[in-house]
Each structure stands twice: as structure tokens, then as C-alpha cells.
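To start, the structure itself, in C-alpha cells.
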Amino acid sequence: MTSSTVIVAPDGSCLVVDPGVTRHEIDTLSSAIRSHGWRPIAVWSTHGHWDHLLDGGMFTGLPRWSSGAPVDVETLTNERDEDAELARVLLGSPGDRPAAVAGAPPVAYPSVDGFLDWPGPPVQVLTHDAHAPGSTSLLVRSADVLIAGDLLSDVEIPLLDLSSTDPVGTYLAALDLLADTASLVVPGHGHVGALPPRVAADRAYLTGTFDDPRLLEPWLAAVHESQVTVLAD
Ligand SMILES: [Zn+2]
């Protein structure tokens, strides 16, 4: 249920995708990586929202790869400090604090023919504009896994980029891109699961089926209210 995923190369070097939100999560993830003897060589930000631009501990100073979409870190820091969802997360763990905003802004990832140029298994980078401009999902075919970023969650409805001229159209196009790429999906927030039913659930929501169990969560019901006019178009 954390945002983080680690892709490990045969030589033990690893790529850390979206390391976490709280200092506690970053510390726990660092300990797990150390206990396996893995060596992080870079951090991946699936998109430019604040909760995917955090680091600290062993991740500080690592290269931070993304699609290269520009990110306004100062604005995001302010949003993080005022974020109601963060307050909700931290309420459950008194004394925990948000992780540090990454020192280095994300840069375009090293690539060869659309694949990540790194020592690990081939990672195909799928770039789209669902949820945030320049979002990326990582396809690891050898593991039959799609690391989706903030899409295809069992606990969150599709969260639209309302600054887009066509939030629903870009989101549906991304689902078309990601559908059938793998058997399993690892979402940015939510549980690992089978990919096809996640695609079906998100398509249903985006095309007007709102009897969605994910809407029982109050903060998502509130987000839904802000999205419903766009969805009704
Ligand atoms: Zn996000």
C-alpha cells in the first residue's frame, strides 16, 4: 500500500520507484534494501506530484529519473505542507513526518530504443498524460508486471489532471496504452493485482459508472465531486 517499488538487477543494483511519503516509510524501505544487500543506483519518479518526489536517508543525492516533464518543486512543497491527504496519512502515525522533498529535480532517464539503459532487466517506459502531465508507467516484461504509477488502483478512482484540455480522453488513451501489457499491476497506491479487472474498473468509472466501491472513501468521494462535471461531458 506504499507508493514504492524496487526493481533489482542480477548484480544487486536496483532502481527505487517512488520511495515513499513519510520518513518512516523511507527508513523502512532503506532497511529492507540494505538487508538484501541491494545497491540503489537511481530513484524513479513516475510523475511530478509531491508524494512521488520525496527522498531522504540512503536515497539522498541519487540521480532521479522521470519522463523529463518539468516539475515546479517549490509549488509542490507548499502543496505538500497544505495537503489534506497527507494530514490524513500522518494522523494514523503520531510523530511521523513527511519525507524530505528530493534535492535534485527529476531528469530524463537514460534510454536506448525506449528502454531504460541500466544493468537490470529490460524496463520499457510508457509515457502518457493520465493523472499528471508526462506520467510514466514501467513495464517489466520478464516479470510480467506493469508498475503503473498513480493509475489502476483498487483503492483510488482515476484521479484526473483537471488542468488538461481533455482529462477523460487522455486518461482513456493511457488505459488503452497500458491494457494487455502484463498480467499483474503494481499501482502507486493500492494492492498488487491482476491488470485486466483494474483496466475495466477504471474504464467503467471514466465512462459514467459511479456505483464504484472506491467512492466509499470520503476523500475520494470529495475528489469525485470535483471531477463529475468533466466526466458527464
Ligand atoms: Zn499523483
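Ligands are numbered from 1 in the order shown, chains are lettered A, B, ... in the order of the C-alpha cells, and residues start at 1 in each chain.
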
Backbone DSSP call of alpha helix (DSSP H) for range 2-232 of chain A, listed as an mmCIF file with N, CA and C atoms, in the first residue's frame:
data_model
loop_
_atom_site.group_PDB
_atom_site.id
_atom_site.type_symbol
_atom_site.label_atom_id
_atom_site.label_comp_id
_atom_site.auth_asym_id
_atom_site.auth_seq_id
_atom_site.Cartn_x
_atom_site.Cartn_y
_atom_site.Cartn_z
ATOM 1 N N ARG A 23 8.856 9.784 6.563
ATOM 2 C CA ARG A 23 10.229 9.397 6.926
ATOM 3 C C ARG A 23 10.271 7.934 7.351
ATOM 4 N N HIS A 24 9.225 7.516 8.045
ATOM 5 C CA HIS A 24 9.170 6.127 8.493
ATOM 6 C C HIS A 24 9.196 5.161 7.304
ATOM 7 N N GLU A 25 8.421 5.482 6.266
ATOM 8 C CA GLU A 25 8.401 4.620 5.073
ATOM 9 C C GLU A 25 9.773 4.579 4.409
ATOM 10 N N ILE A 26 10.413 5.742 4.311
ATOM 11 C CA ILE A 26 11.741 5.804 3.667
ATOM 12 C C ILE A 26 12.754 4.995 4.483
ATOM 13 N N ASP A 27 12.689 5.136 5.811
ATOM 14 C CA ASP A 27 13.624 4.391 6.673
ATOM 15 C C ASP A 27 13.397 2.887 6.559
ATOM 16 N N THR A 28 12.133 2.484 6.557
ATOM 17 C CA THR A 28 11.809 1.055 6.466
ATOM 18 C C THR A 28 12.265 0.481 5.123
ATOM 19 N N LEU A 29 12.011 1.249 4.063
ATOM 20 C CA LEU A 29 12.430 0.797 2.731
ATOM 21 C C LEU A 29 13.958 0.705 2.652
ATOM 22 N N SER A 30 14.653 1.706 3.223
ATOM 23 C CA SER A 30 16.126 1.691 3.226
ATOM 24 C C SER A 30 16.643 0.446 3.947
ATOM 25 N N SER A 31 16.048 0.130 5.103
ATOM 26 C CA SER A 31 16.481 -1.045 5.866
ATOM 27 C C SER A 31 16.274 -2.319 5.065
ATOM 28 N N ALA A 32 15.122 -2.414 4.404
ATOM 29 C CA ALA A 32 14.829 -3.618 3.611
ATOM 30 C C ALA A 32 15.850 -3.775 2.488
ATOM 31 N N ILE A 33 16.168 -2.670 1.817
ATOM 32 C CA ILE A 33 17.135 -2.718 0.707
ATOM 33 C C ILE A 33 18.513 -3.118 1.231
ATOM 34 N N ARG A 34 18.908 -2.534 2.356
ATOM 35 C CA ARG A 34 20.216 -2.881 2.955
ATOM 36 C C ARG A 34 20.261 -4.353 3.352
ATOM 37 N N SER A 35 19.174 -4.851 3.930
ATOM 38 C CA SER A 35 19.180 -6.234 4.421
ATOM 39 C C SER A 35 19.302 -7.232 3.270
ATOM 40 N N HIS A 36 18.854 -6.843 2.072
ATOM 41 C CA HIS A 36 19.006 -7.710 0.901
ATOM 42 C C HIS A 36 20.386 -7.551 0.252
ATOM 43 N N VAL A 73 9.106 22.358 -8.099
ATOM 44 C CA VAL A 73 9.296 21.750 -6.777
ATOM 45 C C VAL A 73 8.825 22.682 -5.659
ATOM 46 N N GLU A 74 9.009 23.994 -5.835
ATOM 47 C CA GLU A 74 8.616 24.930 -4.778
ATOM 48 C C GLU A 74 7.097 24.886 -4.557
ATOM 49 N N THR A 75 6.341 24.928 -5.647
ATOM 50 C CA THR A 75 4.879 24.843 -5.536
ATOM 51 C C THR A 75 4.473 23.536 -4.877
ATOM 52 N N LEU A 76 5.149 22.464 -5.284
ATOM 53 C CA LEU A 76 4.804 21.153 -4.733
ATOM 54 C C LEU A 76 5.095 21.076 -3.243
ATOM 55 N N THR A 77 6.167 21.731 -2.807
ATOM 56 C CA THR A 77 6.485 21.737 -1.377
ATOM 57 C C THR A 77 5.356 22.409 -0.599
ATOM 58 N N ASN A 78 4.861 23.531 -1.135
ATOM 59 C CA ASN A 78 3.754 24.224 -0.477
ATOM 60 C C ASN A 78 2.498 23.357 -0.465
ATOM 61 N N GLU A 79 2.234 22.691 -1.588
ATOM 62 C CA GLU A 79 1.057 21.817 -1.661
ATOM 63 C C GLU A 79 1.164 20.680 -0.650
ATOM 64 N N ARG A 80 2.372 20.154 -0.537
ATOM 65 C CA ARG A 80 2.576 19.062 0.417
ATOM 66 C C ARG A 80 2.231 19.537 1.829
ATOM 67 N N ASP A 81 2.705 20.744 2.168
ATOM 68 C CA ASP A 81 2.501 21.226 3.530
ATOM 69 C C ASP A 81 1.035 21.527 3.819
ATOM 70 N N ALA A 84 -4.413 17.870 2.524
ATOM 71 C CA ALA A 84 -5.337 17.218 3.461
ATOM 72 C C ALA A 84 -5.096 15.711 3.509
ATOM 73 N N GLU A 85 -4.721 15.140 2.370
ATOM 74 C CA GLU A 85 -4.489 13.699 2.344
ATOM 75 C C GLU A 85 -3.284 13.352 3.204
ATOM 76 N N LEU A 86 -2.260 14.181 3.134
ATOM 77 C CA LEU A 86 -1.068 13.925 3.941
ATOM 78 C C LEU A 86 -1.427 13.975 5.432
ATOM 79 N N ALA A 87 -2.220 14.974 5.786
ATOM 80 C CA ALA A 87 -2.646 15.082 7.185
ATOM 81 C C ALA A 87 -3.368 13.814 7.616
ATOM 82 N N ARG A 88 -4.196 13.298 6.702
ATOM 83 C CA ARG A 88 -4.951 12.072 6.985
ATOM 84 C C ARG A 88 -3.995 10.895 7.191
ATOM 85 N N VAL A 89 -2.967 10.822 6.337
ATOM 86 C CA VAL A 89 -1.997 9.736 6.435
ATOM 87 C C VAL A 89 -1.241 9.828 7.764
ATOM 88 N N LEU A 90 -0.825 11.033 8.107
ATOM 89 C CA LEU A 90 0.019 11.205 9.279
ATOM 90 C C LEU A 90 -0.767 11.074 10.579
ATOM 91 N N LEU A 91 -2.076 11.319 10.476
ATOM 92 C CA LEU A 91 -2.916 11.212 11.666
ATOM 93 C C LEU A 91 -2.832 9.815 12.277
ATOM 94 N N PRO A 167 -9.194 15.882 -19.938
ATOM 95 C CA PRO A 167 -8.765 14.975 -18.856
ATOM 96 C C PRO A 167 -9.227 13.535 -19.042
ATOM 97 N N VAL A 168 -10.472 13.358 -19.506
ATOM 98 C CA VAL A 168 -11.008 11.999 -19.645
ATOM 99 C C VAL A 168 -10.403 11.313 -20.871
ATOM 100 N N GLY A 169 -10.314 12.044 -21.975
ATOM 101 C CA GLY A 169 -9.760 11.465 -23.203
ATOM 102 C C GLY A 169 -8.313 11.026 -23.028
ATOM 103 N N THR A 170 -7.494 11.854 -22.349
ATOM 104 C CA THR A 170 -6.092 11.479 -22.153
ATOM 105 C C THR A 170 -5.999 10.277 -21.213
ATOM 106 N N TYR A 171 -6.913 10.218 -20.245
ATOM 107 C CA TYR A 171 -6.872 9.096 -19.306
ATOM 108 C C TYR A 171 -7.258 7.791 -20.020
ATOM 109 N N LEU A 172 -8.332 7.850 -20.833
ATOM 110 C CA LEU A 172 -8.757 6.646 -21.568
ATOM 111 C C LEU A 172 -7.669 6.208 -22.551
ATOM 112 N N ALA A 173 -6.975 7.177 -23.157
ATOM 113 C CA ALA A 173 -5.883 6.828 -24.085
ATOM 114 C C ALA A 173 -4.760 6.114 -23.338
ATOM 115 N N ALA A 174 -4.490 6.549 -22.124
ATOM 116 C CA ALA A 174 -3.451 5.889 -21.328
ATOM 117 C C ALA A 174 -3.876 4.461 -20.978
ATOM 118 N N LEU A 175 -5.155 4.275 -20.643
ATOM 119 C CA LEU A 175 -5.626 2.917 -20.341
ATOM 120 C C LEU A 175 -5.486 2.018 -21.567
ATOM 121 N N ASP A 176 -5.764 2.569 -22.760
ATOM 122 C CA ASP A 176 -5.575 1.787 -23.992
ATOM 123 C C ASP A 176 -4.111 1.385 -24.149
ATOM 124 N N LEU A 177 -3.213 2.322 -23.807
ATOM 125 C CA LEU A 177 -1.771 2.055 -23.927
ATOM 126 C C LEU A 177 -1.321 0.954 -22.961
ATOM 127 N N LEU A 178 -1.886 0.974 -21.749
ATOM 128 C CA LEU A 178 -1.390 0.090 -20.686
ATOM 129 C C LEU A 178 -2.116 -1.262 -20.641
ATOM 130 N N LEU A 195 -4.095 -7.180 -13.803
ATOM 131 C CA LEU A 195 -4.273 -5.941 -14.566
ATOM 132 C C LEU A 195 -5.656 -5.819 -15.239
ATOM 133 N N PRO A 196 -6.174 -6.857 -15.916
ATOM 134 C CA PRO A 196 -7.413 -6.638 -16.692
ATOM 135 C C PRO A 196 -8.591 -6.087 -15.885
ATOM 136 N N PRO A 197 -8.894 -6.621 -14.675
ATOM 137 C CA PRO A 197 -10.037 -6.043 -13.948
ATOM 138 C C PRO A 197 -9.818 -4.596 -13.511
ATOM 139 N N ARG A 198 -8.555 -4.213 -13.287
ATOM 140 C CA ARG A 198 -8.273 -2.806 -12.931
ATOM 141 C C ARG A 198 -8.570 -1.891 -14.118
ATOM 142 N N VAL A 199 -8.153 -2.336 -15.310
ATOM 143 C CA VAL A 199 -8.424 -1.533 -16.509
ATOM 144 C C VAL A 199 -9.927 -1.400 -16.695
ATOM 145 N N ALA A 200 -10.644 -2.511 -16.518
ATOM 146 C CA ALA A 200 -12.103 -2.495 -16.699
ATOM 147 C C ALA A 200 -12.767 -1.561 -15.694
ATOM 148 N N ALA A 201 -12.321 -1.599 -14.438
ATOM 149 C CA ALA A 201 -12.933 -0.751 -13.406
ATOM 150 C C ALA A 201 -12.688 0.728 -13.696
ATOM 151 N N ASP A 202 -11.479 1.054 -14.133
ATOM 152 C CA ASP A 202 -11.176 2.464 -14.410
ATOM 153 C C ASP A 202 -11.908 2.963 -15.651
ATOM 154 N N ARG A 203 -11.998 2.093 -16.680
ATOM 155 C CA ARG A 203 -12.765 2.484 -17.879
ATOM 156 C C ARG A 203 -14.232 2.705 -17.511
ATOM 157 N N ALA A 204 -14.778 1.825 -16.647
ATOM 158 C CA ALA A 204 -16.185 1.951 -16.256
ATOM 159 C C ALA A 204 -16.415 3.279 -15.540
ATOM 160 N N TYR A 205 -15.530 3.614 -14.605
ATOM 161 C CA TYR A 205 -15.678 4.881 -13.882
ATOM 162 C C TYR A 205 -15.625 6.065 -14.851
ATOM 163 N N LEU A 206 -14.654 6.022 -15.756
ATOM 164 C CA LEU A 206 -14.441 7.163 -16.661
ATOM 165 C C LEU A 206 -15.572 7.317 -17.676
ATOM 166 N N PRO A 218 -14.173 8.719 1.997
ATOM 167 C CA PRO A 218 -14.660 10.108 1.936
ATOM 168 C C PRO A 218 -13.810 11.056 1.083
ATOM 169 N N TRP A 219 -12.481 10.967 1.176
ATOM 170 C CA TRP A 219 -11.686 11.937 0.401
ATOM 171 C C TRP A 219 -11.812 11.679 -1.095
ATOM 172 N N LEU A 220 -12.052 10.407 -1.476
ATOM 173 C CA LEU A 220 -12.234 10.100 -2.894
ATOM 174 C C LEU A 220 -13.619 10.529 -3.370
ATOM 175 N N ALA A 221 -14.610 10.418 -2.473
ATOM 176 C CA ALA A 221 -15.941 10.928 -2.811
ATOM 177 C C ALA A 221 -15.878 12.434 -3.070
ATOM 178 N N ALA A 222 -15.051 13.134 -2.276
ATOM 179 C CA ALA A 222 -14.897 14.583 -2.474
ATOM 180 C C ALA A 222 -14.204 14.874 -3.809
ATOM 181 N N VAL A 223 -13.168 14.092 -4.129
ATOM 182 C CA VAL A 223 -12.489 14.277 -5.425
ATOM 183 C C VAL A 223 -13.473 13.993 -6.565
ATOM 184 N N HIS A 224 -14.273 12.971 -6.377
ATOM 185 C CA HIS A 224 -15.263 12.617 -7.413
ATOM 186 C C HIS A 224 -16.179 13.803 -7.696
ATOM 187 N N GLU A 225 -16.624 14.487 -6.635
ATOM 188 C CA GLU A 225 -17.494 15.657 -6.823
ATOM 189 C C GLU A 225 -16.814 16.714 -7.696
ATOM 190 N N SER A 226 -15.488 16.866 -7.537
ATOM 191 C CA SER A 226 -14.768 17.878 -8.322
ATOM 192 C C SER A 226 -14.555 17.400 -9.766
ATOM 193 N N GLN A 227 -14.689 16.121 -10.016
ATOM 194 C CA GLN A 227 -14.432 15.589 -11.350
ATOM 195 C C GLN A 227 -15.717 15.331 -12.145
ATOM 196 N N VAL A 228 -16.860 15.327 -11.442
ATOM 197 C CA VAL A 228 -18.050 14.749 -12.044
ATOM 198 C C VAL A 228 -18.552 15.573 -13.240
ATOM 199 N N THR A 229 -18.339 16.900 -13.228
ATOM 200 C CA THR A 229 -18.777 17.696 -14.381
ATOM 201 C C THR A 229 -17.991 17.312 -15.622
ATOM 202 N N VAL A 230 -16.695 17.079 -15.456
ATOM 203 C CA VAL A 230 -15.879 16.696 -16.602
ATOM 204 C C VAL A 230 -16.302 15.315 -17.109
ATOM 205 N N LEU A 231 -16.619 14.441 -16.158
ATOM 206 C CA LEU A 231 -16.996 13.081 -16.536
ATOM 207 C C LEU A 231 -18.343 13.036 -17.241
ATOM 208 N N ALA A 232 -19.209 13.986 -16.940
ATOM 209 C CA ALA A 232 -20.542 13.998 -17.531
ATOM 210 C C ALA A 232 -20.528 14.553 -18.957
#

Within 10 Å of ligand 1, counting only C-alpha atoms and all ligand atoms, which protein or nucleic acid residues do you find, written as a PDB file with all heavy atoms, in the first residue's frame?
ATOM      1  N   SER A   3       3.747   3.738  -1.869  1.00  0.00           N
ATOM      2  CA  SER A   3       3.927   4.070  -3.277  1.00  0.00           C
ATOM      3  C   SER A   3       5.143   3.366  -3.868  1.00  0.00           C
ATOM      4  O   SER A   3       5.359   3.421  -5.067  1.00  0.00           O
ATOM      5  CB  SER A   3       4.074   5.593  -3.432  1.00  0.00           C
ATOM      6  OG  SER A   3       5.190   6.041  -2.704  1.00  0.00           O
ATOM      7  N   THR A  46       7.467   8.482 -10.998  1.00  0.00           N
ATOM      8  CA  THR A  46       6.506   8.176 -12.067  1.00  0.00           C
ATOM      9  C   THR A  46       5.809   9.431 -12.588  1.00  0.00           C
ATOM     10  O   THR A  46       5.371   9.459 -13.729  1.00  0.00           O
ATOM     11  CB  THR A  46       5.426   7.174 -11.598  1.00  0.00           C
ATOM     12  OG1 THR A  46       4.805   7.697 -10.414  1.00  0.00           O
ATOM     13  CG2 THR A  46       6.039   5.810 -11.317  1.00  0.00           C
ATOM     14  N   HIS A  47       5.706  10.451 -11.725  1.00  0.00           N
ATOM     15  CA  HIS A  47       5.130  11.718 -12.175  1.00  0.00           C
ATOM     16  C   HIS A  47       5.475  12.798 -11.160  1.00  0.00           C
ATOM     17  O   HIS A  47       6.093  12.514 -10.127  1.00  0.00           O
ATOM     18  CB  HIS A  47       3.617  11.608 -12.384  1.00  0.00           C
ATOM     19  CG  HIS A  47       2.859  11.208 -11.154  1.00  0.00           C
ATOM     20  ND1 HIS A  47       2.921   9.943 -10.617  1.00  0.00           N
ATOM     21  CD2 HIS A  47       2.022  11.915 -10.353  1.00  0.00           C
ATOM     22  CE1 HIS A  47       2.152   9.882  -9.543  1.00  0.00           C
ATOM     23  NE2 HIS A  47       1.600  11.073  -9.351  1.00  0.00           N
ATOM     24  N   GLY A  48       5.080  14.031 -11.458  1.00  0.00           N
ATOM     25  CA  GLY A  48       5.587  15.167 -10.702  1.00  0.00           C
ATOM     26  C   GLY A  48       4.771  15.600  -9.504  1.00  0.00           C
ATOM     27  O   GLY A  48       4.909  16.735  -9.051  1.00  0.00           O
ATOM     28  N   HIS A  49       3.909  14.747  -8.961  1.00  0.00           N
ATOM     29  CA  HIS A  49       3.195  15.121  -7.733  1.00  0.00           C
ATOM     30  C   HIS A  49       4.110  14.967  -6.520  1.00  0.00           C
ATOM     31  O   HIS A  49       5.001  14.119  -6.504  1.00  0.00           O
ATOM     32  CB  HIS A  49       1.940  14.261  -7.545  1.00  0.00           C
ATOM     33  CG  HIS A  49       0.858  14.591  -8.534  1.00  0.00           C
ATOM     34  ND1 HIS A  49      -0.168  13.738  -8.841  1.00  0.00           N
ATOM     35  CD2 HIS A  49       0.658  15.707  -9.299  1.00  0.00           C
ATOM     36  CE1 HIS A  49      -0.969  14.304  -9.740  1.00  0.00           C
ATOM     37  NE2 HIS A  49      -0.489  15.495 -10.036  1.00  0.00           N
ATOM     38  N   TRP A  50       3.846  15.791  -5.493  1.00  0.00           N
ATOM     39  CA  TRP A  50       4.774  15.867  -4.375  1.00  0.00           C
ATOM     40  C   TRP A  50       5.077  14.514  -3.737  1.00  0.00           C
ATOM     41  O   TRP A  50       6.197  14.252  -3.317  1.00  0.00           O
ATOM     42  CB  TRP A  50       4.267  16.862  -3.309  1.00  0.00           C
ATOM     43  CG  TRP A  50       3.001  16.435  -2.617  1.00  0.00           C
ATOM     44  CD1 TRP A  50       1.729  16.823  -2.931  1.00  0.00           C
ATOM     45  CD2 TRP A  50       2.881  15.517  -1.527  1.00  0.00           C
ATOM     46  NE1 TRP A  50       0.829  16.195  -2.107  1.00  0.00           N
ATOM     47  CE2 TRP A  50       1.501  15.398  -1.235  1.00  0.00           C
ATOM     48  CE3 TRP A  50       3.791  14.792  -0.763  1.00  0.00           C
ATOM     49  CZ2 TRP A  50       1.025  14.586  -0.212  1.00  0.00           C
ATOM     50  CZ3 TRP A  50       3.304  13.976   0.253  1.00  0.00           C
ATOM     51  CH2 TRP A  50       1.948  13.872   0.514  1.00  0.00           C
ATOM     52  N   ASP A  51       4.061  13.649  -3.667  1.00  0.00           N
ATOM     53  CA  ASP A  51       4.273  12.384  -2.949  1.00  0.00           C
ATOM     54  C   ASP A  51       5.107  11.380  -3.755  1.00  0.00           C
ATOM     55  O   ASP A  51       5.348  10.264  -3.296  1.00  0.00           O
ATOM     56  CB  ASP A  51       2.937  11.773  -2.498  1.00  0.00           C
ATOM     57  CG  ASP A  51       1.930  11.608  -3.623  1.00  0.00           C
ATOM     58  OD1 ASP A  51       2.000  12.357  -4.605  1.00  0.00           O
ATOM     59  OD2 ASP A  51       1.064  10.721  -3.517  1.00  0.00           O
ATOM     60  N   HIS A  52       5.546  11.816  -4.933  1.00  0.00           N
ATOM     61  CA  HIS A  52       6.434  10.967  -5.740  1.00  0.00           C
ATOM     62  C   HIS A  52       7.797  11.636  -5.937  1.00  0.00           C
ATOM     63  O   HIS A  52       8.590  11.200  -6.754  1.00  0.00           O
ATOM     64  CB  HIS A  52       5.769  10.636  -7.077  1.00  0.00           C
ATOM     65  CG  HIS A  52       4.494   9.872  -6.876  1.00  0.00           C
ATOM     66  ND1 HIS A  52       4.398   8.495  -7.031  1.00  0.00           N
ATOM     67  CD2 HIS A  52       3.274  10.291  -6.447  1.00  0.00           C
ATOM     68  CE1 HIS A  52       3.169   8.119  -6.730  1.00  0.00           C
ATOM     69  NE2 HIS A  52       2.467   9.180  -6.375  1.00  0.00           N
ATOM     70  N   ALA A 130      -2.156  10.735 -18.427  1.00  0.00           N
ATOM     71  CA  ALA A 130      -3.221  10.493 -17.453  1.00  0.00           C
ATOM     72  C   ALA A 130      -2.727  10.890 -16.072  1.00  0.00           C
ATOM     73  O   ALA A 130      -1.544  10.691 -15.758  1.00  0.00           O
ATOM     74  CB  ALA A 130      -3.621   9.029 -17.448  1.00  0.00           C
ATOM     75  N   HIS A 131      -3.590  11.481 -15.259  1.00  0.00           N
ATOM     76  CA  HIS A 131      -3.324  11.825 -13.857  1.00  0.00           C
ATOM     77  C   HIS A 131      -2.403  13.037 -13.707  1.00  0.00           C
ATOM     78  O   HIS A 131      -2.665  13.911 -12.882  1.00  0.00           O
ATOM     79  CB  HIS A 131      -2.768  10.619 -13.103  1.00  0.00           C
ATOM     80  CG  HIS A 131      -2.518  10.874 -11.652  1.00  0.00           C
ATOM     81  ND1 HIS A 131      -3.529  11.189 -10.784  1.00  0.00           N
ATOM     82  CD2 HIS A 131      -1.371  10.886 -10.936  1.00  0.00           C
ATOM     83  CE1 HIS A 131      -3.015  11.381  -9.581  1.00  0.00           C
ATOM     84  NE2 HIS A 131      -1.714  11.207  -9.646  1.00  0.00           N
ATOM     85  N   ALA A 132      -1.315  13.098 -14.481  1.00  0.00           N
ATOM     86  CA  ALA A 132      -0.398  14.245 -14.435  1.00  0.00           C
ATOM     87  C   ALA A 132       0.347  14.282 -15.767  1.00  0.00           C
ATOM     88  O   ALA A 132       0.588  13.233 -16.367  1.00  0.00           O
ATOM     89  CB  ALA A 132       0.586  14.109 -13.281  1.00  0.00           C
ATOM     90  N   SER A 135       3.323  11.592 -17.159  1.00  0.00           N
ATOM     91  CA  SER A 135       3.347  10.423 -16.275  1.00  0.00           C
ATOM     92  C   SER A 135       4.042   9.261 -16.969  1.00  0.00           C
ATOM     93  O   SER A 135       3.998   9.131 -18.191  1.00  0.00           O
ATOM     94  CB  SER A 135       1.924   9.973 -15.933  1.00  0.00           C
ATOM     95  OG  SER A 135       1.299  10.855 -15.051  1.00  0.00           O
ATOM     96  N   GLY A 149       2.418   3.627 -11.618  1.00  0.00           N
ATOM     97  CA  GLY A 149       2.266   4.984 -11.101  1.00  0.00           C
ATOM     98  C   GLY A 149       0.867   5.117 -10.530  1.00  0.00           C
ATOM     99  O   GLY A 149       0.224   4.118 -10.177  1.00  0.00           O
ATOM    100  N   ASP A 150       0.344   6.344 -10.469  1.00  0.00           N
ATOM    101  CA  ASP A 150      -0.948   6.571  -9.790  1.00  0.00           C
ATOM    102  C   ASP A 150      -2.151   6.237 -10.666  1.00  0.00           C
ATOM    103  O   ASP A 150      -3.116   7.005 -10.732  1.00  0.00           O
ATOM    104  CB  ASP A 150      -1.039   8.022  -9.324  1.00  0.00           C
ATOM    105  CG  ASP A 150      -0.274   8.237  -8.034  1.00  0.00           C
ATOM    106  OD1 ASP A 150       0.390   7.286  -7.583  1.00  0.00           O
ATOM    107  OD2 ASP A 150      -0.328   9.354  -7.491  1.00  0.00           O
ATOM    108  N   LEU A 151      -2.139   5.084 -11.311  1.00  0.00           N
ATOM    109  CA  LEU A 151      -3.280   4.628 -12.093  1.00  0.00           C
ATOM    110  C   LEU A 151      -3.587   3.194 -11.659  1.00  0.00           C
ATOM    111  O   LEU A 151      -2.768   2.551 -11.016  1.00  0.00           O
ATOM    112  CB  LEU A 151      -2.959   4.607 -13.598  1.00  0.00           C
ATOM    113  CG  LEU A 151      -2.875   5.934 -14.357  1.00  0.00           C
ATOM    114  CD1 LEU A 151      -1.554   6.617 -14.119  1.00  0.00           C
ATOM    115  CD2 LEU A 151      -3.068   5.709 -15.847  1.00  0.00           C
ATOM    116  N   LEU A 159      -7.804   9.588 -10.805  1.00  0.00           N
ATOM    117  CA  LEU A 159      -7.697  10.982 -10.362  1.00  0.00           C
ATOM    118  C   LEU A 159      -7.239  11.783 -11.577  1.00  0.00           C
ATOM    119  O   LEU A 159      -6.109  11.649 -12.035  1.00  0.00           O
ATOM    120  CB  LEU A 159      -6.704  11.092  -9.203  1.00  0.00           C
ATOM    121  CG  LEU A 159      -7.044  10.206  -7.989  1.00  0.00           C
ATOM    122  CD1 LEU A 159      -5.947  10.275  -6.936  1.00  0.00           C
ATOM    123  CD2 LEU A 159      -8.384  10.610  -7.385  1.00  0.00           C
ATOM    124  N   LEU A 160      -8.141  12.604 -12.088  1.00  0.00           N
ATOM    125  CA  LEU A 160      -7.903  13.273 -13.361  1.00  0.00           C
ATOM    126  C   LEU A 160      -6.964  14.460 -13.215  1.00  0.00           C
ATOM    127  O   LEU A 160      -6.920  15.097 -12.161  1.00  0.00           O
ATOM    128  CB  LEU A 160      -9.229  13.754 -13.952  1.00  0.00           C
ATOM    129  CG  LEU A 160     -10.292  12.682 -14.207  1.00  0.00           C
ATOM    130  CD1 LEU A 160     -11.585  13.338 -14.688  1.00  0.00           C
ATOM    131  CD2 LEU A 160      -9.783  11.669 -15.241  1.00  0.00           C
ATOM    132  N   ASP A 161      -6.247  14.757 -14.295  1.00  0.00           N
ATOM    133  CA  ASP A 161      -5.485  16.001 -14.378  1.00  0.00           C
ATOM    134  C   ASP A 161      -6.429  17.062 -14.929  1.00  0.00           C
ATOM    135  O   ASP A 161      -6.601  17.194 -16.140  1.00  0.00           O
ATOM    136  CB  ASP A 161      -4.284  15.807 -15.296  1.00  0.00           C
ATOM    137  CG  ASP A 161      -3.561  17.130 -15.558  1.00  0.00           C
ATOM    138  OD1 ASP A 161      -3.796  18.097 -14.798  1.00  0.00           O
ATOM    139  OD2 ASP A 161      -2.783  17.198 -16.522  1.00  0.00           O
ATOM    140  N   GLY A 188       0.602   2.808  -7.830  1.00  0.00           N
ATOM    141  CA  GLY A 188       1.300   3.713  -6.923  1.00  0.00           C
ATOM    142  C   GLY A 188       0.677   3.735  -5.541  1.00  0.00           C
ATOM    143  O   GLY A 188       1.361   3.928  -4.541  1.00  0.00           O
ATOM    144  N   HIS A 189      -0.631   3.593  -5.471  1.00  0.00           N
ATOM    145  CA  HIS A 189      -1.329   3.500  -4.185  1.00  0.00           C
ATOM    146  C   HIS A 189      -2.315   2.356  -4.331  1.00  0.00           C
ATOM    147  O   HIS A 189      -3.166   2.381  -5.215  1.00  0.00           O
ATOM    148  CB  HIS A 189      -2.086   4.788  -3.867  1.00  0.00           C
ATOM    149  CG  HIS A 189      -1.229   6.026  -3.914  1.00  0.00           C
ATOM    150  ND1 HIS A 189      -0.523   6.484  -2.826  1.00  0.00           N
ATOM    151  CD2 HIS A 189      -0.951   6.877  -4.928  1.00  0.00           C
ATOM    152  CE1 HIS A 189       0.137   7.575  -3.157  1.00  0.00           C
ATOM    153  NE2 HIS A 189      -0.102   7.841  -4.436  1.00  0.00           N
TER     154      HIS A 189
END

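CA of Pro213 in chain A to CA of Ser153 in chain A spans 12.0 Å [interatomic distance, one decimal].
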
Query raised in the report: In range 2-184 of chain A, what's strand (DSSP E) per DSSP? Answer as number ranges by chain?
Result: A: 5-8, 13-17, 39-44, 54-55, 64-66, 100-101, 107-108, 111-112, 115-116, 124-128, 135-140, 145-149, 184

Query raised in the report: Contacts of Val21 in chain A at 7 Å or less, counting only C-alpha atoms, minus same-chain residues fewer than 5 places along, as a list of chain:residue names?
Result: A:Asp51, A:Leu54, A:Pro98, A:Ala99

Save the residues we just selected, N, CA and C atoms, as a PDB file, in the first residue's frame?
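So out-v6.pdb came out as:
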ATOM      1  N   ASP A  51       4.061  13.649  -3.667  1.00  0.00           N
ATOM      2  CA  ASP A  51       4.273  12.384  -2.949  1.00  0.00           C
ATOM      3  C   ASP A  51       5.107  11.380  -3.755  1.00  0.00           C
ATOM      4  N   LEU A  54       9.808  12.555  -3.156  1.00  0.00           N
ATOM      5  CA  LEU A  54      10.372  12.595  -1.810  1.00  0.00           C
ATOM      6  C   LEU A  54      11.537  11.626  -1.695  1.00  0.00           C
ATOM      7  N   PRO A  98       6.474  14.015   7.085  1.00  0.00           N
ATOM      8  CA  PRO A  98       6.712  13.763   5.664  1.00  0.00           C
ATOM      9  C   PRO A  98       8.204  13.672   5.362  1.00  0.00           C
ATOM     10  N   ALA A  99       8.525  12.847   4.383  1.00  0.00           N
ATOM     11  CA  ALA A  99       9.905  12.733   3.937  1.00  0.00           C
ATOM     12  C   ALA A  99      10.339  14.041   3.284  1.00  0.00           C
TER      13      ALA A  99
END

Requested in this report: Excluding Pro10 in chain A and residues on its chain fewer than 6 positions from it, collect all residues at most 10 Å away from it, counting only C-alpha atoms, and give them as number ranges by chain.
Outcome: A: 38, 119-121

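All residues of protein, DNA or RNA that reach within 6 Å of Trp65 in chain A, judged by only C-alpha atoms and not counting those fewer than 2 positions away in the chain, are Trp44, Pro106, Val107, Ala108 and Tyr109 of chain A.
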